[in-house]
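Student: Pasting a structure here, questions to come.
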Amino acid sequence: MIRLNEISRVFTVGEEDVHALDRVTIDIAPGEYLAIMGPSGSGKSTLLNVIGLLDRPDYGEYYLDNVNTTELDDDRQAFIRRHRIGFVFQFFHLVPRLTATQNVELPLILAGVTPKERKERVKKALASMELTNRSDHRPDQLSGGQRQRVAIARAIIMEPGVILADEPTGNLDRTSGMEVMNILEGLNRKGITLIMVTHDPGLSKRAGRRIQMTDGRVSEDTGLR
Amino acid sequence: MLIAMSIGVASVIIFTSLGEGAKNYVTREFSSLGTNLLIILPGRSETTGGPPPLLGQNPRDLTLEDAIALTKSSHIRYVAPITVGSAPVSYGEKEREVIILGSTPNIFEVRQLSTAQGEFLPEGDPSKGAAMCVIGHKLKKELFGNITPLGEWVRIGDRRFRIIGVLAKKGQSLGMDMSDVVIIPVASAQALFNTSALFRVMVQASGNKSIEKAKESIIRIIRERHDNEDDITIITQDALLSTFDRILTTLTLSIAGVAAISLLVAGILIMNVMLIAVSQRRSEIGLLKSIGATNSQVLGLFLVESALLSFTGALLGIIVSFIVIWVFMRMVPAFPVTIPVWGVSAAVGIALSAGIVFGIMPARRASMLNPVDALSRR
Ligand SMILES: Nc1ncnc2c1ncn2[C@@H]1O[C@H](COP(=O)(O)OP(=O)(O)O)[C@@H](O)[C@H]1O
Ligand SMILES: [Mg+2]
């Protein structure tokens, strides 16, 4: 359950104030599939970062599962990120020195899971992404689609309630893009809330709910009740 | 950077080892001299127990008669007057320039020498010279090879001496190679070098407790003989040893200090490397935060990394220094180098603390990175 109430995020660039988010109010129910659309610079990524607790809003409140996250300190927020939220980025953001297995293992290490359990869970996650025979490869030995699947495996390893995907297919060819979409939508069907930023109108149509951003404001919301 | 760290650690270890080695060396040299020794030098030195006055203007020579007078003291067991000079020694075709020591049989006691062949100079009136000598084993090898030289006559300067003994191998002693000398009666040496002065007189006290009494009686006897002038310097073995020890400790510590500074420099280099690493790995840090790493986890990660870096450097340094010291020991086996534990632990300790202290700043910077900024730039 995500509730954004009058969220604003203001960046000061030089003398000017840029309102990346301007009094955004959205409720997102568990299990929803939400596509965020909008031109470049309209605040899509900033919105996703606020939802993912990577960025703090300057005004407004953000309730996640009825907890006012704006009042939490950094460590509590990190804890929520670790356990409740999975990120998938346009540029994958895998650690280049580490193998697929090790990349997927990272959140478990941060959470202090025992090596034995880590091994099992990573194996399972990679298997579900059909990457078992790539588990010892480093990112530079993987294709774009494979890399994004490793990133998704990493995002779901902690069994989060929400997956935030910022243009997850933006850096992929059509076929691997579709593959990634199918995987994400499959996760959504299992009950994970999926919030995805995309430029592609075709892709956005597949979502149950679409939000259009313009200049930091929600200009259109198909799911608004 | 790793190299700077290892050089720092290596130099601390090497210098402290050499320092310890020098200390051991001096200690060994002095103990090889024999015990309860006092060395009498002509001329007055300002600092008692300090280094001998090498360029002192001698107000009055120390003579053989002075030395003989000393034997009357009950606190003194042996008196070995010493005259030193260098002269060509020849046997047949072969000739070598070696150091000639003029003394009495007591020198063998005082310097703890023994013979490999033959015997020492005979007891007798020291003021009467005899044409006999004892030679070092190296000189014996050079002049005679494997032939027994006993009873042979060698020419020293313009005089002829009969060989009655060969010294046993002993190695260095007080900077003088006792294997490459000729020992002749002191009166013969004085005649050879045409002098009545003594280079020094070595005295062995009758016991450990009588060193001070021996010193007093030496001063009294010489003062009487030198018109009430205190114109000699007496060095006791203990005083000399502790002076050397002090000097060498200071030296070792100051060199170690210099090396420690180089470790600090290495620490600063580590800081730079880590700062670069932080900026190069911004997106990695952002990623770690996005998957739920707390600030302190990121901080810890980078601290561990710089500690590992400096630890690796230190390890390399230890290996390098051990190799260097090993090679040194191979090349100069006479020099007793030992690697002091405190030197190694100080070096590693300083290296690790430098790594951690100088790692704090980059690590803090990493932990404070805004994940959004860190992720957005690629
Ligand atoms: N860290 C930042 N500093 C300054 N301005 C920023 C920062 N992040 C985003 N912005 C500005 O906020 C606005 C929204 O950015 P963003 O959310 O990245 O847009 P989108 O993802 O829709 O392209 C843009 O005008 C951008 O320039
Ligand atoms: Mg964006």
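All residue names refer to the structure tokens as shown: chains lettered A, B, ... in order, residues numbered from 1 in each chain, ligands numbered from 1 in order.
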Kindly work out which residues sit at most 8 Å from ligand 2, using only C-alpha atoms and all ligand atoms, and give the list as a PDB file with C-alpha atoms, in the first residue's frame.

Tutor:
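As written to disk, out.pdb reads:
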ATOM      1  CA  SER A  40      11.864  13.597 -20.557  1.00  0.00           C
ATOM      2  CA  GLY A  41      12.383  15.800 -17.518  1.00  0.00           C
ATOM      3  CA  GLY A  43       9.760  13.959 -13.045  1.00  0.00           C
ATOM      4  CA  LYS A  44       9.177  10.247 -13.671  1.00  0.00           C
ATOM      5  CA  SER A  45      12.505   9.090 -12.273  1.00  0.00           C
ATOM      6  CA  THR A  46      12.256  11.473  -9.337  1.00  0.00           C
ATOM      7  CA  ASP A 166      12.905   2.779 -14.463  1.00  0.00           C
ATOM      8  CA  GLU A 167      12.771   2.199 -18.229  1.00  0.00           C
ATOM      9  CA  VAL A 197       8.553   4.092 -15.993  1.00  0.00           C
TER      10      VAL A 197
END

Student: Give me, as number ranges by chain, the set of residues whose atoms come within 9 Å of any atom of ligand 1, counting only C-alpha atoms and all ligand atoms.

Tutor: A: 9-13, 17-21, 37-49, 166, 197, 213-216; B: 370, 372-373, 376

Student: Determine which residues of segment 19-128 of chain A DSSP labels as strand (DSSP E) from the backbone of this structure, then write them out as a ChimeraX atom specification.

Tutor: /A:19-28,33-37,59-64,67-68,85-88

Student: Work out how far apart atom CA of Met158 of chain A and atom CA of Thr198 of chain A are and give it in Å to one decimal.

Tutor: 24.5 Å

Student: Need to verify the contact set: segment 307-314 of chain B, 12 Å, only C-alpha atoms, exclusion of same-chain residues closer than 3 positions in sequence. Can you return it as number ranges by chain?

Tutor: B: 1-13, 263-264, 266-271, 273-274, 300-304, 317-321, 344-360, 363

Student: At a cut-off of 10 Å, which residues of chain B touch chain A? Count only C-alpha atoms and give the answer as a ChimeraX atom specification.

Tutor: /B:281,283-298,370-373,375-376,378

Student: Using N, CA and C atoms, can you write the selected residues to a file as an mmCIF file, in the first residue's frame?

Tutor:
data_model
loop_
_atom_site.group_PDB
_atom_site.id
_atom_site.type_symbol
_atom_site.label_atom_id
_atom_site.label_comp_id
_atom_site.auth_asym_id
_atom_site.auth_seq_id
_atom_site.Cartn_x
_atom_site.Cartn_y
_atom_site.Cartn_z
ATOM 1 N N ARG B 281 33.523 4.544 -8.423
ATOM 2 C CA ARG B 281 32.515 3.540 -8.122
ATOM 3 C C ARG B 281 31.252 4.154 -7.565
ATOM 4 N N SER B 283 28.436 4.733 -8.982
ATOM 5 C CA SER B 283 27.190 4.047 -9.324
ATOM 6 C C SER B 283 27.069 2.750 -8.527
ATOM 7 N N GLU B 284 28.230 2.140 -8.224
ATOM 8 C CA GLU B 284 28.211 0.936 -7.406
ATOM 9 C C GLU B 284 27.720 1.262 -5.993
ATOM 10 N N ILE B 285 28.187 2.392 -5.477
ATOM 11 C CA ILE B 285 27.756 2.801 -4.140
ATOM 12 C C ILE B 285 26.256 3.107 -4.142
ATOM 13 N N GLY B 286 25.812 3.804 -5.203
ATOM 14 C CA GLY B 286 24.386 4.088 -5.335
ATOM 15 C C GLY B 286 23.577 2.804 -5.383
ATOM 16 N N LEU B 287 24.098 1.851 -6.133
ATOM 17 C CA LEU B 287 23.417 0.564 -6.254
ATOM 18 C C LEU B 287 23.304 -0.120 -4.892
ATOM 19 N N LEU B 288 24.437 -0.135 -4.168
ATOM 20 C CA LEU B 288 24.422 -0.762 -2.843
ATOM 21 C C LEU B 288 23.363 -0.118 -1.971
ATOM 22 N N LYS B 289 23.262 1.200 -2.052
ATOM 23 C CA LYS B 289 22.258 1.882 -1.236
ATOM 24 C C LYS B 289 20.852 1.531 -1.706
ATOM 25 N N SER B 290 20.693 1.390 -3.019
ATOM 26 C CA SER B 290 19.346 1.104 -3.528
ATOM 27 C C SER B 290 18.897 -0.297 -3.123
ATOM 28 N N ILE B 291 19.862 -1.195 -2.893
ATOM 29 C CA ILE B 291 19.425 -2.522 -2.448
ATOM 30 C C ILE B 291 19.475 -2.611 -0.931
ATOM 31 N N GLY B 292 19.581 -1.465 -0.270
ATOM 32 C CA GLY B 292 19.351 -1.453 1.163
ATOM 33 C C GLY B 292 20.578 -1.438 2.040
ATOM 34 N N ALA B 293 21.744 -1.039 1.487
ATOM 35 C CA ALA B 293 22.914 -0.901 2.341
ATOM 36 C C ALA B 293 22.774 0.372 3.171
ATOM 37 N N THR B 294 23.037 0.268 4.469
ATOM 38 C CA THR B 294 22.999 1.473 5.287
ATOM 39 C C THR B 294 24.298 2.243 5.097
ATOM 40 N N ASN B 295 24.274 3.515 5.549
ATOM 41 C CA ASN B 295 25.483 4.333 5.432
ATOM 42 C C ASN B 295 26.662 3.670 6.125
ATOM 43 N N SER B 296 26.386 3.073 7.286
ATOM 44 C CA SER B 296 27.505 2.490 8.024
ATOM 45 C C SER B 296 28.039 1.240 7.321
ATOM 46 N N GLN B 297 27.167 0.531 6.600
ATOM 47 C CA GLN B 297 27.654 -0.622 5.839
ATOM 48 C C GLN B 297 28.584 -0.172 4.711
ATOM 49 N N VAL B 298 28.203 0.903 4.033
ATOM 50 C CA VAL B 298 29.063 1.419 2.968
ATOM 51 C C VAL B 298 30.374 1.923 3.553
ATOM 52 N N ASN B 370 24.782 10.708 -2.214
ATOM 53 C CA ASN B 370 23.358 10.634 -2.491
ATOM 54 C C ASN B 370 23.117 9.559 -3.555
ATOM 55 N N PRO B 371 22.345 8.540 -3.227
ATOM 56 C CA PRO B 371 22.208 7.410 -4.169
ATOM 57 C C PRO B 371 21.639 7.818 -5.522
ATOM 58 N N VAL B 372 20.770 8.818 -5.531
ATOM 59 C CA VAL B 372 20.181 9.231 -6.814
ATOM 60 C C VAL B 372 21.265 9.812 -7.713
ATOM 61 N N ASP B 373 22.059 10.734 -7.135
ATOM 62 C CA ASP B 373 23.164 11.300 -7.910
ATOM 63 C C ASP B 373 24.111 10.205 -8.354
ATOM 64 N N LEU B 375 23.623 7.118 -8.869
ATOM 65 C CA LEU B 375 23.114 6.201 -9.882
ATOM 66 C C LEU B 375 22.916 6.868 -11.235
ATOM 67 N N SER B 376 22.593 8.174 -11.210
ATOM 68 C CA SER B 376 22.179 8.800 -12.473
ATOM 69 C C SER B 376 23.361 8.996 -13.407
ATOM 70 N N ARG B 378 26.677 8.009 -15.245
ATOM 71 C CA ARG B 378 27.282 6.736 -15.575
ATOM 72 C C ARG B 378 28.713 6.910 -16.031
#

Student: Neighbouring residues of Thr63 of chain B were defined as those with any atom within 10 Å, considering only C-alpha atoms; residues of the same chain fewer than 2 positions away were excluded. Please report them as a list in words.

Tutor: Pro42, Arg60, Asp61, Glu65, Asp66, Ala67, Ile68, Ala69, Pro81, Ile82, Thr83, Thr195, Ser196, Ala197, Leu198, Phe199, Arg200 and Val201 of chain B

Student: Between A:Asn5, A:Thr193, A:Thr101, A:Thr114, which one has atoms that come closest to Glu159 of chain A, using only C-alpha atoms?

Tutor: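 Selected residue with least distance to Glu159 of chain A: A:Thr193.
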
Student: Compile the contact shell of Pro30 of chain A as a list in words: residues with an atom at most 7 Å away, counting only C-alpha atoms, same-chain residues fewer than 2 positions apart removed.

Tutor: Met1, Ile28, Glu32 and Thr193 of chain A

Student: Which residues of segment 142-223 of chain A have any atom within 9 Å of an atom in segment 125-136 of chain A when counting only C-alpha atoms, and what is the closest pair of atoms for each, with the distance in Å to one decimal? Order the rows by chain and rising number and write it as a tab-separated table.

Tutor:
residue	atom	partner	partner_atom	distance
A:Leu142	CA	A:Arg134	CA	7.9
A:Gln146	CA	A:Leu131	CA	7.5
A:Arg149	CA	A:Met129	CA	6.1
A:Val150	CA	A:Leu126	CA	7.2
A:Ile152	CA	A:Met129	CA	8.1
A:Ala153	CA	A:Ala125	CA	5.5
A:Arg154	CA	A:Ala125	CA	8.0
A:Ile156	CA	A:Ala125	CA	7.7
A:Ile157	CA	A:Ala125	CA	6.5
A:Ile183	CA	A:Met129	CA	7.9

Student: Generate a file of the selected residues that holds C-alpha atoms, formatted as a PDB file, in the first residue's frame.

Tutor:
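Dumped to out14.pdb:
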ATOM      1  CA  LEU A 142      26.380 -11.468 -20.569  1.00  0.00           C
ATOM      2  CA  GLN A 146      20.702 -11.521 -19.530  1.00  0.00           C
ATOM      3  CA  ARG A 149      17.454 -10.673 -15.834  1.00  0.00           C
ATOM      4  CA  VAL A 150      20.320 -10.853 -13.316  1.00  0.00           C
ATOM      5  CA  ILE A 152      15.641  -8.658 -11.725  1.00  0.00           C
ATOM      6  CA  ALA A 153      16.850 -11.712  -9.840  1.00  0.00           C
ATOM      7  CA  ARG A 154      18.685  -9.364  -7.499  1.00  0.00           C
ATOM      8  CA  ILE A 156      13.355 -10.121  -6.105  1.00  0.00           C
ATOM      9  CA  ILE A 157      15.821 -12.061  -3.976  1.00  0.00           C
ATOM     10  CA  ILE A 183       9.161 -11.689 -16.528  1.00  0.00           C
TER      11      ILE A 183
END

Student: To one decimal in Å, tell me the separation between atom CA of Pro336 of chain B and atom CA of Lys140 of chain B.

Tutor: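 It comes out at 27.1 Å.
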
Student: Of the candidates B:Phe15, B:Arg223, B:Ala259, B:Lys23, which one gets nearest to Ile247 of chain B if we count only C-alpha atoms?

Tutor: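 Selected residue with least distance to Ile247 of chain B: B:Lys23.
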
Student: Name all residues at most 10 Å from Gly191 of chain A (count only C-alpha atoms; drop same-chain ones fewer than 5 positions away) and give them as a PyMOL selection string.

Tutor: chain A and resi 30-33+161-162+185-186

Student: Would you mind exporting all heavy atoms of the selected residues as a short mmCIF file (atom, residue, chain, number, x, y, z; two decimals), in the first residue's frame?

Tutor:
data_model
loop_
_atom_site.label_atom_id
_atom_site.label_comp_id
_atom_site.auth_asym_id
_atom_site.auth_seq_id
_atom_site.Cartn_x
_atom_site.Cartn_y
_atom_site.Cartn_z
N PRO A 30 -1.78 -2.63 -3.27
CA PRO A 30 -0.88 -3.78 -3.43
C PRO A 30 -1.27 -4.59 -4.66
O PRO A 30 -2.45 -4.78 -4.93
CB PRO A 30 -1.12 -4.60 -2.16
CG PRO A 30 -1.73 -3.66 -1.18
CD PRO A 30 -2.49 -2.66 -1.97
N GLY A 31 -0.24 -5.03 -5.38
CA GLY A 31 -0.50 -5.87 -6.54
C GLY A 31 -0.85 -5.12 -7.80
O GLY A 31 -1.11 -5.73 -8.84
N GLU A 32 -0.86 -3.80 -7.75
CA GLU A 32 -1.19 -3.03 -8.95
C GLU A 32 -0.07 -3.10 -9.97
O GLU A 32 1.10 -3.36 -9.63
CB GLU A 32 -1.47 -1.57 -8.58
CG GLU A 32 -2.94 -1.19 -8.67
CD GLU A 32 -3.16 0.30 -8.55
OE1 GLU A 32 -2.99 0.82 -7.43
OE2 GLU A 32 -3.49 0.93 -9.57
N TYR A 33 -0.40 -2.83 -11.22
CA TYR A 33 0.58 -2.74 -12.31
C TYR A 33 0.42 -1.35 -12.88
O TYR A 33 -0.57 -1.06 -13.55
CB TYR A 33 0.29 -3.83 -13.34
CG TYR A 33 1.21 -3.86 -14.56
CD1 TYR A 33 2.34 -3.05 -14.66
CD2 TYR A 33 0.93 -4.73 -15.62
CE1 TYR A 33 3.15 -3.09 -15.78
CE2 TYR A 33 1.74 -4.79 -16.74
CZ TYR A 33 2.85 -3.95 -16.82
OH TYR A 33 3.65 -3.99 -17.93
N GLY A 161 7.69 -6.41 -1.74
CA GLY A 161 6.29 -6.22 -2.13
C GLY A 161 6.16 -5.36 -3.36
O GLY A 161 5.13 -5.39 -4.03
N VAL A 162 7.19 -4.58 -3.63
CA VAL A 162 7.11 -3.61 -4.71
C VAL A 162 8.35 -3.73 -5.60
O VAL A 162 9.46 -3.86 -5.09
CB VAL A 162 7.05 -2.16 -4.17
CG1 VAL A 162 6.88 -1.17 -5.30
CG2 VAL A 162 5.93 -2.01 -3.15
N GLU A 185 5.95 -8.86 -15.67
CA GLU A 185 4.49 -9.02 -15.56
C GLU A 185 4.13 -10.33 -14.87
O GLU A 185 3.15 -10.40 -14.11
CB GLU A 185 3.85 -8.93 -16.95
CG GLU A 185 3.84 -7.49 -17.45
CD GLU A 185 3.52 -7.36 -18.94
OE1 GLU A 185 3.28 -8.41 -19.59
OE2 GLU A 185 3.52 -6.23 -19.45
N GLY A 186 4.99 -11.34 -15.09
CA GLY A 186 4.77 -12.61 -14.39
C GLY A 186 4.89 -12.41 -12.88
O GLY A 186 4.09 -12.95 -12.11
#

Student: What does the distance from atom CA of Gly208 of chain A to atom CA of Tyr62 of chain A come to in Å, to one decimal?

Tutor: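 Computing it gives 22.3 Å between the two atoms.
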
Student: Which of these, B:Leu139, B:Ala256, B:Ala366, B:Ile184, has the shortest distance to Gly343 of chain B once you count only C-alpha atoms?

Tutor: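 With only C-alpha atoms as the atom set, the closest residue is B:Ala256.
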
Student: For Arg162 of chain B, which residue among B:Val110, B:Ala131, B:Ala22, B:Leu316 is the nearest when counting only C-alpha atoms?

Tutor: B:Ala131

Student: Within segment 141-235 of chain B, find each residue whose DSSP state, derived from the backbone, is alpha helix (DSSP H), and express the selection as a ChimeraX atom specification.

Tutor: /B:141-144,186-192,211-225

Student: For the selection just defined, write its residues with N, CA and C atoms to a file, as a PDB file, in the first residue's frame.

Tutor:
ATOM      1  N   LYS B 141      98.762 -17.836   5.958  1.00  0.00           N
ATOM      2  CA  LYS B 141      98.319 -18.441   4.703  1.00  0.00           C
ATOM      3  C   LYS B 141      98.944 -17.754   3.508  1.00  0.00           C
ATOM      4  N   GLU B 142      98.956 -16.412   3.584  1.00  0.00           N
ATOM      5  CA  GLU B 142      99.453 -15.640   2.454  1.00  0.00           C
ATOM      6  C   GLU B 142     100.948 -15.873   2.229  1.00  0.00           C
ATOM      7  N   LEU B 143     101.669 -15.930   3.342  1.00  0.00           N
ATOM      8  CA  LEU B 143     103.121 -16.028   3.198  1.00  0.00           C
ATOM      9  C   LEU B 143     103.603 -17.467   3.077  1.00  0.00           C
ATOM     10  N   PHE B 144     102.916 -18.389   3.769  1.00  0.00           N
ATOM     11  CA  PHE B 144     103.445 -19.747   3.857  1.00  0.00           C
ATOM     12  C   PHE B 144     102.553 -20.822   3.230  1.00  0.00           C
ATOM     13  N   VAL B 186     106.929  -5.518  22.765  1.00  0.00           N
ATOM     14  CA  VAL B 186     106.701  -4.080  22.679  1.00  0.00           C
ATOM     15  C   VAL B 186     108.012  -3.303  22.483  1.00  0.00           C
ATOM     16  N   ALA B 187     109.059  -3.739  23.133  1.00  0.00           N
ATOM     17  CA  ALA B 187     110.329  -3.015  22.999  1.00  0.00           C
ATOM     18  C   ALA B 187     110.855  -3.107  21.568  1.00  0.00           C
ATOM     19  N   SER B 188     110.644  -4.272  20.944  1.00  0.00           N
ATOM     20  CA  SER B 188     111.071  -4.434  19.541  1.00  0.00           C
ATOM     21  C   SER B 188     110.285  -3.499  18.636  1.00  0.00           C
ATOM     22  N   ALA B 189     108.974  -3.367  18.939  1.00  0.00           N
ATOM     23  CA  ALA B 189     108.141  -2.497  18.117  1.00  0.00           C
ATOM     24  C   ALA B 189     108.560  -1.053  18.281  1.00  0.00           C
ATOM     25  N   GLN B 190     108.891  -0.683  19.526  1.00  0.00           N
ATOM     26  CA  GLN B 190     109.313   0.696  19.747  1.00  0.00           C
ATOM     27  C   GLN B 190     110.598   0.995  19.001  1.00  0.00           C
ATOM     28  N   ALA B 191     111.472  -0.002  18.974  1.00  0.00           N
ATOM     29  CA  ALA B 191     112.716   0.183  18.222  1.00  0.00           C
ATOM     30  C   ALA B 191     112.421   0.244  16.722  1.00  0.00           C
ATOM     31  N   LEU B 192     111.504  -0.632  16.269  1.00  0.00           N
ATOM     32  CA  LEU B 192     111.165  -0.704  14.846  1.00  0.00           C
ATOM     33  C   LEU B 192     110.588   0.617  14.370  1.00  0.00           C
ATOM     34  N   ILE B 211      87.043  -2.798  39.216  1.00  0.00           N
ATOM     35  CA  ILE B 211      87.247  -1.933  38.049  1.00  0.00           C
ATOM     36  C   ILE B 211      87.446  -0.485  38.491  1.00  0.00           C
ATOM     37  N   GLU B 212      86.565  -0.017  39.389  1.00  0.00           N
ATOM     38  CA  GLU B 212      86.667   1.370  39.857  1.00  0.00           C
ATOM     39  C   GLU B 212      87.987   1.594  40.605  1.00  0.00           C
ATOM     40  N   LYS B 213      88.338   0.619  41.467  1.00  0.00           N
ATOM     41  CA  LYS B 213      89.584   0.756  42.235  1.00  0.00           C
ATOM     42  C   LYS B 213      90.779   0.757  41.292  1.00  0.00           C
ATOM     43  N   ALA B 214      90.701  -0.106  40.269  1.00  0.00           N
ATOM     44  CA  ALA B 214      91.788  -0.169  39.294  1.00  0.00           C
ATOM     45  C   ALA B 214      91.921   1.175  38.603  1.00  0.00           C
ATOM     46  N   LYS B 215      90.783   1.760  38.265  1.00  0.00           N
ATOM     47  CA  LYS B 215      90.795   3.053  37.590  1.00  0.00           C
ATOM     48  C   LYS B 215      91.464   4.100  38.485  1.00  0.00           C
ATOM     49  N   GLU B 216      91.058   4.102  39.765  1.00  0.00           N
ATOM     50  CA  GLU B 216      91.644   5.074  40.701  1.00  0.00           C
ATOM     51  C   GLU B 216      93.151   4.902  40.807  1.00  0.00           C
ATOM     52  N   SER B 217      93.581   3.637  40.924  1.00  0.00           N
ATOM     53  CA  SER B 217      95.023   3.462  41.101  1.00  0.00           C
ATOM     54  C   SER B 217      95.783   3.802  39.829  1.00  0.00           C
ATOM     55  N   ILE B 218      95.162   3.571  38.666  1.00  0.00           N
ATOM     56  CA  ILE B 218      95.830   3.973  37.407  1.00  0.00           C
ATOM     57  C   ILE B 218      96.028   5.481  37.416  1.00  0.00           C
ATOM     58  N   ILE B 219      94.941   6.192  37.755  1.00  0.00           N
ATOM     59  CA  ILE B 219      95.033   7.654  37.768  1.00  0.00           C
ATOM     60  C   ILE B 219      96.131   8.108  38.733  1.00  0.00           C
ATOM     61  N   ARG B 220      96.142   7.474  39.945  1.00  0.00           N
ATOM     62  CA  ARG B 220      97.117   7.877  40.962  1.00  0.00           C
ATOM     63  C   ARG B 220      98.546   7.607  40.479  1.00  0.00           C
ATOM     64  N   ILE B 221      98.771   6.413  39.970  1.00  0.00           N
ATOM     65  CA  ILE B 221     100.129   6.034  39.549  1.00  0.00           C
ATOM     66  C   ILE B 221     100.629   6.928  38.419  1.00  0.00           C
ATOM     67  N   ILE B 222      99.748   7.156  37.437  1.00  0.00           N
ATOM     68  CA  ILE B 222     100.186   7.953  36.286  1.00  0.00           C
ATOM     69  C   ILE B 222     100.387   9.410  36.702  1.00  0.00           C
ATOM     70  N   ARG B 223      99.503   9.889  37.601  1.00  0.00           N
ATOM     71  CA  ARG B 223      99.659  11.276  38.057  1.00  0.00           C
ATOM     72  C   ARG B 223     101.022  11.461  38.721  1.00  0.00           C
ATOM     73  N   GLU B 224     101.388  10.495  39.575  1.00  0.00           N
ATOM     74  CA  GLU B 224     102.681  10.564  40.234  1.00  0.00           C
ATOM     75  C   GLU B 224     103.811  10.625  39.228  1.00  0.00           C
ATOM     76  N   ARG B 225     103.676   9.831  38.196  1.00  0.00           N
ATOM     77  CA  ARG B 225     104.757   9.733  37.214  1.00  0.00           C
ATOM     78  C   ARG B 225     104.750  10.900  36.237  1.00  0.00           C
TER      79      ARG B 225
END
